[in-house]
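**Student:** So here's structure06.txt (compact mmCIF, C-alpha atoms).
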# COMPACT_ATOMS: atom_id res chain seq x y z
CA MET A 203 13.89 -12.12 31.65
CA LYS A 204 16.63 -9.80 32.85
CA PHE A 205 16.28 -6.03 32.70
CA LEU A 206 19.59 -4.25 32.38
CA LEU A 207 18.83 -0.65 31.42
CA GLY A 208 16.13 1.98 31.65
CA VAL A 209 14.51 4.18 29.01
CA LYS A 210 11.95 6.88 29.67
CA PHE A 211 8.63 6.14 27.98
CA SER A 212 5.26 7.84 28.40
CA GLY A 213 6.34 9.99 31.31
CA ARG A 214 8.19 7.49 33.48
CA LEU A 215 11.32 5.37 33.56
CA ARG A 216 10.64 1.87 32.35
CA PRO A 217 13.14 -1.00 32.52
CA MET A 218 13.85 -2.43 29.11
CA PRO A 219 15.33 -5.79 28.07
CA ALA A 220 18.91 -5.69 26.85
CA ARG A 221 20.79 -8.63 25.37
CA ILE A 222 18.55 -11.38 26.77
CA ARG A 223 15.93 -12.14 24.12
CA TYR A 224 13.02 -14.55 24.23
CA LEU A 225 14.81 -17.19 22.08
CA ALA A 226 18.05 -17.32 24.11
CA ALA A 227 17.11 -20.32 26.25
CA GLN A 228 15.86 -22.28 23.24
CA VAL A 229 19.07 -21.53 21.32
CA ARG A 230 21.16 -22.92 24.19
CA ARG A 231 19.04 -26.09 24.39
CA ASP A 232 19.07 -26.73 20.65
CA LEU A 233 22.84 -26.20 20.36
CA GLU A 234 23.33 -29.30 22.48
CA ARG A 235 21.76 -31.43 19.75
CA LYS A 236 22.21 -29.80 16.33
CA MET A 237 23.33 -26.70 14.51
CA VAL A 238 21.04 -23.73 15.16
CA PHE A 239 20.01 -21.22 12.50
CA VAL A 240 18.68 -17.91 13.85
CA ALA A 241 17.01 -15.96 11.05
CA GLY A 242 15.09 -12.71 11.03
CA PRO A 243 14.95 -9.17 9.69
CA ARG A 244 18.02 -6.96 9.40
CA GLN A 245 18.89 -5.27 12.75
CA VAL A 246 16.34 -7.26 14.75
CA GLY A 247 19.01 -8.34 17.27
CA LYS A 248 20.34 -11.65 15.93
CA THR A 249 24.01 -10.81 16.46
CA THR A 250 23.32 -9.44 19.93
CA LEU A 251 21.45 -12.62 20.81
CA ALA A 252 24.31 -14.78 19.50
CA LEU A 253 27.00 -12.83 21.34
CA SER A 254 25.06 -13.04 24.61
CA LEU A 255 25.83 -16.78 24.74
CA ALA A 256 28.77 -17.88 26.85
CA GLY A 257 31.96 -18.08 24.79
CA ALA A 258 30.35 -16.76 21.61
CA ARG A 259 32.58 -13.71 21.15
CA ARG A 260 35.75 -15.77 20.75
CA GLY A 261 34.13 -17.97 18.10
CA TYR A 262 32.40 -15.19 16.16
CA VAL A 263 32.98 -15.07 12.37
CA ASN A 264 31.20 -12.45 10.22
CA TRP A 265 31.14 -12.98 6.45
CA ASP A 266 30.80 -9.21 5.91
CA VAL A 267 34.18 -8.59 7.62
CA ALA A 268 37.00 -9.13 5.11
CA SER A 269 39.51 -10.54 7.61
CA HIS A 270 36.89 -12.95 9.01
CA ARG A 271 35.91 -14.03 5.53
CA GLU A 272 39.53 -14.75 4.60
CA ARG A 273 40.09 -16.91 7.67
CA LEU A 274 36.87 -18.81 7.04
CA LEU A 275 37.80 -19.59 3.43
CA LYS A 276 41.25 -20.76 4.56
CA GLY A 277 39.67 -23.04 7.16
CA GLU A 278 41.28 -21.15 10.06
CA LEU A 279 38.44 -21.30 12.58
CA PRO A 280 38.72 -20.25 16.24
CA ALA A 281 39.80 -23.00 18.62
CA VAL A 282 36.67 -22.76 20.77
CA LYS A 283 33.63 -24.95 21.48
CA LEU A 284 31.09 -22.55 19.92
CA TRP A 285 31.38 -21.22 16.37
CA VAL A 286 29.07 -18.35 15.42
CA PHE A 287 28.74 -17.69 11.69
CA ASP A 288 27.06 -14.36 10.93
CA GLU A 289 25.68 -13.63 7.43
CA ILE A 290 27.41 -16.71 5.99
CA HIS A 291 24.42 -17.30 3.70
CA LYS A 292 25.95 -14.62 1.46
CA TYR A 293 28.61 -17.18 0.58
CA ARG A 294 27.32 -19.08 -2.43
CA ARG A 295 28.50 -22.48 -1.17
CA TRP A 296 27.49 -21.91 2.43
CA ARG A 297 25.27 -24.97 2.73
CA ASN A 298 27.94 -27.41 1.55
CA TYR A 299 30.48 -25.63 3.74
CA LEU A 300 28.34 -26.01 6.87
CA LYS A 301 27.47 -29.61 6.02
CA GLY A 302 31.16 -30.46 5.88
CA LEU A 303 31.86 -28.69 9.17
CA TYR A 304 28.97 -30.36 10.92
CA ASP A 305 29.73 -33.86 9.67
CA SER A 306 33.43 -33.62 10.62
CA ARG A 307 33.06 -31.56 13.80
CA PRO A 308 34.97 -32.65 16.92
CA PRO A 309 32.96 -33.94 19.90
CA GLY A 310 31.16 -31.17 21.75
CA GLN A 311 31.52 -28.60 18.95
CA ARG A 312 28.51 -26.32 18.65
CA ILE A 313 27.58 -24.28 15.56
CA LEU A 314 25.30 -21.24 15.49
CA VAL A 315 24.39 -19.50 12.22
CA THR A 316 22.64 -16.12 11.98
CA GLY A 317 21.40 -14.28 8.93
CA SER A 318 19.00 -11.62 7.71
CA GLY A 319 17.55 -13.81 4.95
CA ARG A 320 15.32 -16.87 4.97
CA LEU A 321 18.06 -19.37 5.76
CA ASP A 322 15.71 -22.25 5.02
CA LEU A 323 15.26 -20.95 1.45
CA TYR A 324 18.71 -19.68 0.40
CA ARG A 325 19.99 -22.95 -1.01
CA PHE A 326 21.90 -21.83 -4.12
CA GLY A 327 21.88 -25.43 -5.32
CA GLY A 328 23.93 -26.75 -2.42
CA ASP A 329 23.57 -30.10 -0.71
CA SER A 330 20.71 -30.38 1.78
CA LEU A 331 21.27 -29.72 5.47
CA GLN A 332 18.06 -31.49 6.41
CA GLY A 333 18.23 -33.12 9.82
CA ARG A 334 21.36 -31.20 10.83
CA TYR A 335 19.88 -27.97 12.16
CA HIS A 336 17.02 -26.33 14.02
CA LEU A 337 15.64 -23.08 12.58
CA LEU A 338 14.57 -20.35 15.02
CA ARG A 339 13.07 -17.09 13.72
CA LEU A 340 13.76 -13.95 15.74
CA HIS A 341 11.13 -11.22 15.63
CA PRO A 342 11.03 -7.60 16.82
CA PHE A 343 9.98 -6.69 20.34
CA SER A 344 6.36 -7.43 21.24
CA ALA A 345 4.04 -6.50 24.08
CA ALA A 346 4.58 -9.87 25.79
CA GLU A 347 8.37 -9.83 25.47
CA LEU A 348 8.50 -6.26 26.83
CA ARG A 349 5.93 -7.09 29.53
CA LEU A 350 3.80 -4.09 28.67
CA THR A 351 0.85 -3.46 30.97
CA ARG A 352 -0.45 0.04 30.14
CA PRO A 353 -2.16 1.41 27.01
CA ALA A 354 0.41 4.22 26.82
CA GLU A 355 3.19 1.63 26.57
CA LEU A 356 1.45 -0.07 23.66
CA ALA A 357 1.09 3.35 22.04
CA ASP A 358 4.89 3.76 22.34
CA LEU A 359 5.42 0.40 20.65
CA LEU A 360 3.01 1.35 17.87
CA ARG A 361 4.73 4.70 17.37
CA LEU A 362 8.38 3.58 17.54
CA GLY A 363 8.22 0.06 16.12
CA GLY A 364 9.55 -3.16 17.59
CA PHE A 365 13.14 -3.10 16.32
CA PRO A 366 15.54 -2.63 19.25
CA GLU A 367 17.41 0.50 18.10
CA PRO A 368 14.44 2.78 17.32
CA TYR A 369 12.36 1.46 20.20
CA LEU A 370 15.08 1.95 22.79
CA SER A 371 15.81 5.43 21.42
CA ALA A 372 12.38 6.52 22.77
CA SER A 373 12.40 9.17 20.02
CA GLU A 374 9.90 9.26 17.19
CA THR A 375 12.33 11.36 15.14
CA GLU A 376 15.12 8.82 15.58
CA ALA A 377 12.67 6.01 14.79
CA ARG A 378 11.72 7.67 11.50
CA ARG A 379 15.39 8.19 10.60
CA TRP A 380 16.19 4.57 11.42
CA SER A 381 13.27 3.31 9.34
CA ARG A 382 14.39 5.25 6.25
CA GLU A 383 17.97 4.06 6.61
CA HIS A 384 16.82 0.49 7.23
CA ARG A 385 14.75 0.49 4.04
CA THR A 386 17.64 1.93 2.01
CA LEU A 387 20.16 -0.61 3.33
CA LEU A 388 17.74 -3.44 2.67
CA VAL A 389 17.41 -2.48 -0.99
CA ARG A 390 20.95 -1.28 -1.67
CA GLU A 391 22.85 -3.99 0.24
CA ASP A 392 20.82 -7.12 0.97
CA VAL A 393 18.92 -7.18 -2.32
CA VAL A 394 22.08 -6.55 -4.32
CA THR A 395 23.97 -9.26 -2.44
CA LEU A 396 21.35 -11.98 -2.29
CA GLU A 397 18.90 -11.42 -5.13
CA ARG A 398 19.21 -11.15 -8.90
CA ILE A 399 17.41 -7.82 -9.11
CA GLN A 400 18.83 -4.96 -11.16
CA ASP A 401 15.93 -2.48 -11.31
CA LEU A 402 16.48 -1.05 -7.84
CA GLY A 403 14.69 2.18 -8.67
CA HIS A 404 11.35 0.48 -9.24
CA LEU A 405 11.98 -1.79 -6.25
CA GLU A 406 12.36 1.30 -4.05
CA LEU A 407 9.09 2.66 -5.48
CA LEU A 408 7.46 -0.65 -4.56
CA MET A 409 8.79 -0.34 -1.01
CA LEU A 410 7.20 3.12 -0.77
CA ARG A 411 3.89 2.01 -2.28
CA LEU A 412 3.32 -1.18 -0.28
CA PRO A 413 2.68 0.44 3.15
CA GLU A 414 -0.28 2.30 1.66
CA LEU A 415 -1.90 -1.05 0.79
CA VAL A 416 -1.64 -2.76 4.19
CA GLY A 417 -4.88 -4.25 5.45
CA SER A 418 -6.48 -4.93 2.07
CA PRO A 419 -6.04 -7.88 -0.28
CA LEU A 420 -3.04 -7.16 -2.48
CA SER A 421 -3.82 -7.03 -6.19
CA VAL A 422 -0.63 -7.83 -8.05
CA ASN A 423 -2.17 -6.76 -11.35
CA ALA A 424 -3.24 -3.36 -10.02
CA LEU A 425 0.16 -2.83 -8.42
CA ARG A 426 1.91 -3.90 -11.64
CA GLU A 427 -0.07 -1.33 -13.63
CA ASP A 428 0.62 1.34 -11.02
CA LEU A 429 4.39 0.77 -11.18
CA GLN A 430 4.47 0.00 -14.92
CA VAL A 431 6.45 -3.22 -14.53
CA SER A 432 5.86 -6.79 -15.66
CA HIS A 433 3.85 -9.29 -13.63
CA LYS A 434 6.88 -11.61 -13.54
CA ALA A 435 9.17 -8.88 -12.17
CA LEU A 436 6.70 -7.75 -9.51
CA THR A 437 6.07 -11.32 -8.36
CA ALA A 438 9.82 -11.89 -8.06
CA TRP A 439 10.29 -8.66 -6.10
CA LEU A 440 7.56 -9.51 -3.59
CA ALA A 441 9.08 -12.96 -3.08
CA ALA A 442 12.52 -11.38 -2.55
CA LEU A 443 11.14 -8.97 0.05
CA GLU A 444 9.62 -11.94 1.88
CA ARG A 445 12.90 -13.85 1.82
CA LEU A 446 14.65 -10.81 3.29
CA TYR A 447 12.07 -10.39 6.08
CA ALA A 448 10.86 -7.01 4.86
CA ILE A 449 7.26 -8.15 4.42
CA PHE A 450 5.15 -11.23 4.95
CA ARG A 451 1.97 -12.30 3.20
CA LEU A 452 -1.12 -14.09 4.49
CA ALA A 453 -3.26 -16.38 2.37
CA PRO A 454 -7.07 -16.34 2.73
CA LEU A 455 -8.80 -19.02 4.76
CA GLY A 456 -10.20 -21.75 2.54
CA ALA A 457 -12.38 -23.82 4.85
CA PRO A 458 -14.92 -26.01 3.00
CA ARG A 459 -17.88 -24.77 5.07
CA ILE A 460 -17.58 -21.14 3.90
CA ARG A 461 -17.70 -19.34 0.56
CA ALA A 462 -14.34 -17.63 0.95
CA VAL A 463 -12.16 -15.83 -1.57
CA LYS A 464 -9.31 -18.08 -2.61
CA LYS A 465 -6.55 -16.08 -4.28
CA GLN A 466 -5.63 -12.58 -3.13
CA GLN A 467 -3.20 -12.36 -0.23
CA LYS A 468 -2.78 -9.62 2.35
CA HIS A 469 0.67 -8.32 3.25
CA TYR A 470 2.27 -6.69 6.29
CA HIS A 471 5.63 -5.15 7.18
CA PHE A 472 7.99 -6.25 9.95
CA ASP A 473 8.67 -2.52 10.46
CA TRP A 474 5.09 -1.39 11.04
CA THR A 475 6.13 2.26 11.39
CA THR A 476 6.29 2.44 7.58
CA VAL A 477 2.47 2.35 7.62
CA SER A 478 1.18 5.90 8.11
CA ALA A 479 -2.56 5.31 8.61
CA GLU A 480 -3.19 4.69 12.32
CA ALA A 481 -5.74 1.87 12.01
CA ALA A 482 -3.69 0.04 9.36
CA ARG A 483 -0.52 0.43 11.44
CA PHE A 484 -2.28 -1.09 14.44
CA GLU A 485 -3.51 -4.00 12.32
CA ASN A 486 0.08 -4.46 11.09
CA LEU A 487 1.37 -4.49 14.69
CA VAL A 488 -1.16 -7.19 15.61
CA ALA A 489 -0.19 -9.20 12.53
CA CYS A 490 3.46 -9.11 13.63
CA HIS A 491 2.55 -10.19 17.14
CA LEU A 492 0.51 -13.13 15.89
CA LEU A 493 3.15 -14.21 13.39
CA LYS A 494 5.81 -14.05 16.11
CA TRP A 495 3.72 -16.37 18.28
CA VAL A 496 2.96 -18.73 15.38
CA HIS A 497 6.65 -18.95 14.41
CA PHE A 498 7.67 -19.50 18.03
CA GLU A 499 5.20 -22.35 18.43
CA GLN A 500 6.28 -23.86 15.11
CA ASP A 501 10.01 -23.55 15.76
CA THR A 502 10.14 -24.57 19.43
CA ARG A 503 7.20 -26.97 19.82
CA GLY A 504 6.57 -28.26 16.31
CA ARG A 505 2.94 -27.16 16.27
CA ASP A 506 1.15 -27.12 12.92
CA LEU A 507 -0.03 -23.52 13.16
CA GLU A 508 -0.72 -21.16 10.28
CA LEU A 509 -1.73 -17.49 10.17
CA ARG A 510 -4.36 -16.51 7.60
CA TYR A 511 -7.19 -14.02 7.09
CA PHE A 512 -10.87 -14.46 6.15
CA ARG A 513 -12.93 -12.76 3.49
CA ASP A 514 -16.00 -14.26 1.83
CA LEU A 515 -17.94 -13.50 -1.33
CA GLU A 516 -20.53 -11.53 0.66
CA GLY A 517 -17.87 -9.09 1.89
CA ARG A 518 -17.58 -10.37 5.46
CA GLU A 519 -14.04 -10.20 6.81
CA VAL A 520 -11.96 -11.21 9.83
CA ASP A 521 -8.47 -9.76 10.02
CA PHE A 522 -6.67 -12.84 11.33
CA VAL A 523 -7.41 -16.55 11.60
CA VAL A 524 -4.98 -19.00 13.21
CA THR A 525 -5.41 -22.60 12.17
CA GLU A 526 -3.88 -25.71 13.71
CA GLY A 527 -3.97 -28.59 11.29
CA ARG A 528 -7.47 -28.50 9.88
CA ARG A 529 -8.93 -26.84 12.98
CA ILE A 530 -9.62 -23.13 13.29
CA ALA A 531 -8.16 -22.19 16.66
CA LEU A 532 -8.21 -18.38 16.93
CA LEU A 533 -10.09 -15.47 15.32
CA VAL A 534 -8.88 -11.89 15.79
CA GLU A 535 -10.54 -8.70 14.53
CA CYS A 536 -8.81 -5.33 14.98
CA LYS A 537 -10.52 -2.01 15.64
CA TRP A 538 -8.97 1.36 16.39
CA ALA A 539 -11.56 2.28 19.06
CA ASP A 540 -14.45 0.66 20.93
CA ALA A 541 -16.99 -0.80 18.50
CA GLU A 542 -19.78 -3.33 18.36
CA PRO A 543 -18.67 -6.89 17.54
CA ASP A 544 -17.93 -7.06 13.83
CA ARG A 545 -20.44 -8.93 11.64
CA GLY A 546 -17.68 -10.94 9.95
CA LEU A 547 -16.34 -12.06 13.31
CA ARG A 548 -19.83 -12.99 14.52
CA TYR A 549 -20.43 -14.98 11.33
CA LEU A 550 -17.16 -16.94 11.52
CA LYS A 551 -17.53 -17.57 15.26
CA GLY A 552 -21.00 -18.98 14.53
CA ARG A 553 -19.54 -21.32 11.93
CA PHE A 554 -16.65 -22.38 14.17
CA PRO A 555 -17.94 -22.04 17.76
CA GLU A 556 -14.98 -23.96 19.23
CA ALA A 557 -12.52 -21.28 18.10
CA GLN A 558 -11.40 -18.50 20.43
CA ALA A 559 -12.67 -15.17 19.10
CA TRP A 560 -11.32 -11.73 19.98
CA GLN A 561 -12.15 -8.23 18.87
CA ILE A 562 -9.35 -6.00 20.12
CA SER A 563 -8.98 -2.23 19.99
CA ALA A 564 -5.98 0.09 20.04
CA THR A 565 -7.59 2.88 22.05
CA GLY A 566 -10.81 1.37 23.40
CA ALA A 567 -11.49 0.58 27.05
CA LYS A 568 -14.42 -1.84 26.93
CA ASP A 569 -13.75 -5.38 28.09
CA PHE A 570 -16.57 -7.92 27.95
CA GLN A 571 -17.67 -11.22 26.42
CA THR A 572 -20.69 -11.57 24.16
CA PRO A 573 -23.23 -14.38 24.62
CA GLU A 574 -21.77 -16.26 21.64
CA GLY A 575 -18.31 -16.18 23.21
CA ILE A 576 -16.55 -13.25 21.51
CA ARG A 577 -14.12 -11.39 23.80
CA VAL A 578 -14.17 -7.65 23.15
CA ALA A 579 -11.19 -6.04 24.89
CA PRO A 580 -8.26 -3.62 24.70
CA ALA A 581 -5.48 -5.05 22.54
CA LEU A 582 -3.07 -5.66 25.43
CA GLU A 583 -5.41 -8.23 26.93
CA LEU A 584 -4.65 -10.54 24.01
CA LEU A 585 -1.14 -9.43 23.01
CA LYS A 586 0.34 -9.91 26.47
CA THR A 587 -0.64 -13.61 26.36
CA LEU A 588 1.48 -14.32 23.25
CA VAL A 589 5.27 -14.21 23.16
Take the structure I supplied and represent it as structure tokens, if you would.

**Tutor:**
Amino acid sequence: MKFLLGVKFSGRLRPMPARIRYLAAQVRRDLERKMVFVAGPRQVGKTTLALSLAGARRGYVNWDVASHRERLLKGELPAVKLWVFDEIHKYRRWRNYLKGLYDSRPPGQRILVTGSGRLDLYRFGGDSLQGRYHLLRLHPFSAAELRLTRPAELADLLRLGGFPEPYLSASETEARRWSREHRTLLVREDVVTLERIQDLGHLELLMLRLPELVGSPLSVNALREDLQVSHKALTAWLAALERLYAIFRLAPLGAPRIRAVKKQQKHYHFDWTTVSAEAARFENLVACHLLKWVHFEQDTRGRDLELRYFRDLEGREVDFVVTEGRRIALLVECKWADAEPDRGLRYLKGRFPEAQAWQISATGAKDFQTPEGIRVAPALELLKTLV
């Protein structure tokens, strides 16, 4: 990784990554074989990643720019070997358009597509692109990508969030301003453009209410009654927020050997700074780190990983469970400070002794392993091993 600029964090100047993101090498490799779709939240750095590739600026076409859109619709594409289509999923016939380009492309032509929505889901009834592209999901900065080594640096990441602009500002005030503007643009621009949602007022109330519910199973019925909206509308809004990378939801673990709950999902925000409670914000940060690793392994190595949580009928819980196929591979419990190994984690580790088990803390200093194989450690010890 190249470090191209410095920002002062926690009392000293720390080099920070600019332009070169963790997916750049994979994008270059995949472009040699197929189209590449880079998806992820608004302002996570997709355009910057695309434009960091050699020759990308000359072939850049942005659907949101009127002159670019006009040239694209006329078929007047840049005479270069790499075409970069930004936000083209806002064009209703984008899938058929890209299919035609790909199937008739000249030898050596490469096609990169970026967008702030779930590009694998925004079909709009078009012909399938299956087999013609690789999907790579870009996530915010993480401890591993930033190469953090000190607890104070993790505290900065927790306080400022992982999106490039607020994190690199090194200002909590600027981070709060960015977060408010980001939420407003998401609702007022992306939702209006890509989703059939008219009640934006209640959607904004939902966006304000959801951060207060992070860390607990999400009751759609209770939330529906709180907001005074229909179950159908609320379900559609939550799905839309997932498609736009505002939130993600985790299903409960349903292994046959345990009496687990089977329905209620937990949710987290890609911008964890929207969560005000410290412990819940830390849990949200860990969720984002684990999902980033799971998506990376899925997208680049084809691994059958899935991120879930555990809660049984006796009230035992484990914050995060990573499965691979039918095997439970990783258990992670989050604590704000040093604490004894959690009873839910001990129970699940006993049922699945082959799984790695971690209890990590945001502010704790203890680092040891229990006789049954649970690693109790500061959060960085686990997070720096991800991606």

**Student:** For Tyr224 (chain A), list every protein, DNA or RNA residue within 12 Å, evaluated using only C-alpha atoms, and leave out those in the same chain fewer than 2 positions away; present the list as an MDAnalysis selection string.

**Tutor:** chainID A and resid 203:204 219:222 226:230 247:248 251 338:344 346:349 494:495 498 502 588:589

**Student:** List the spatial neighbours of Tyr447 (chain A) as JSON, numbers by chain - criterion: any atom at most 8 Å away, only C-alpha atoms, same-chain residues fewer than 6 positions off excluded.

**Tutor:** {"A": [242, 243, 244, 318, 319, 320, 472]}

**Student:** Which residue, A:Leu356, A:Ala482, A:Val394, A:Ala531, has the smallest gap to Leu415 (chain A) when you use all atoms listed in the file?

**Tutor:** A:Ala482

**Student:** Between A:Asp506, A:Glu499, A:Glu278, A:Glu289, which residue has the minimum interatomic distance to Leu396 (chain A), considering only C-alpha atoms?

**Tutor:**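 When distances to Leu396 (chain A) are compared using only C-alpha atoms, the smallest one comes from A:Glu289.
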
**Student:** Just give me the residues with any atom within 6 Å of (0.6, -8.7, -13.8), file coordinates, counting only C-alpha atoms, written as JSON, numbers by chain.

**Tutor:** {"A": [422, 423, 426, 432, 433]}

**Student:** May I ask for the distance between CA of Thr351 (chain A) and CA of Glu583 (chain A), given in Å to one decimal place?

**Tutor:**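 Distance reported for this atom pair: 8.8 Å.
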
**Student:** Report the distance between CA of Arg510 (chain A) and CA of Leu493 (chain A) in Å, rounded to one decimal place.

**Tutor:**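 Taking CA of Arg510 (chain A) as the start and CA of Leu493 (chain A) as the end point, the length is 9.8 Å.
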
**Student:** So how far away is CA of Glu272 (chain A) from CA of Arg260 (chain A), in Å?

**Tutor:**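 Interatomic distance, CA of Arg260 (chain A) to CA of Glu272 (chain A): 16.6 Å.
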
**Student:** Measuring between only C-alpha atoms, which one of A:Gly261, A:Pro555, A:Gly403, A:Pro543 shows the shortest distance to Val315 (chain A)?

**Tutor:**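 Nearest to Val315 (chain A): A:Gly261.
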
**Student:** Is there a way to get, as an MDAnalysis selection string, all residues within 9 Å of the point (-12.1, -1.2, 21.0) in file coordinates, counting all atoms listed in the file?

**Tutor:** chainID A and resid 536:542 561:569 578:581

**Student:** Check the smallest atom-to-atom distance from each of A:Arg545, A:Arg577, A:Lys292, A:Lys236 to Asp266 (chain A) using all atoms listed in the file, then report the winner.

**Tutor:**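 That would be A:Lys292, the residue with the smallest distance to Asp266 (chain A).
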
**Student:** Counting only C-alpha atoms, what is within 6 Å of Val477 (chain A), bar same-chain residues fewer than 3 positions away, as a tab-separated table (two decimals) with C-alpha atoms, in the frame of the given file?

**Tutor:**
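Final output, saved to result01.tsv:
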chain	number	residue	atom	x	y	z
A	413	PRO	CA	2.68	0.44	3.15
A	474	TRP	CA	5.09	-1.39	11.04
A	483	ARG	CA	-0.52	0.43	11.44
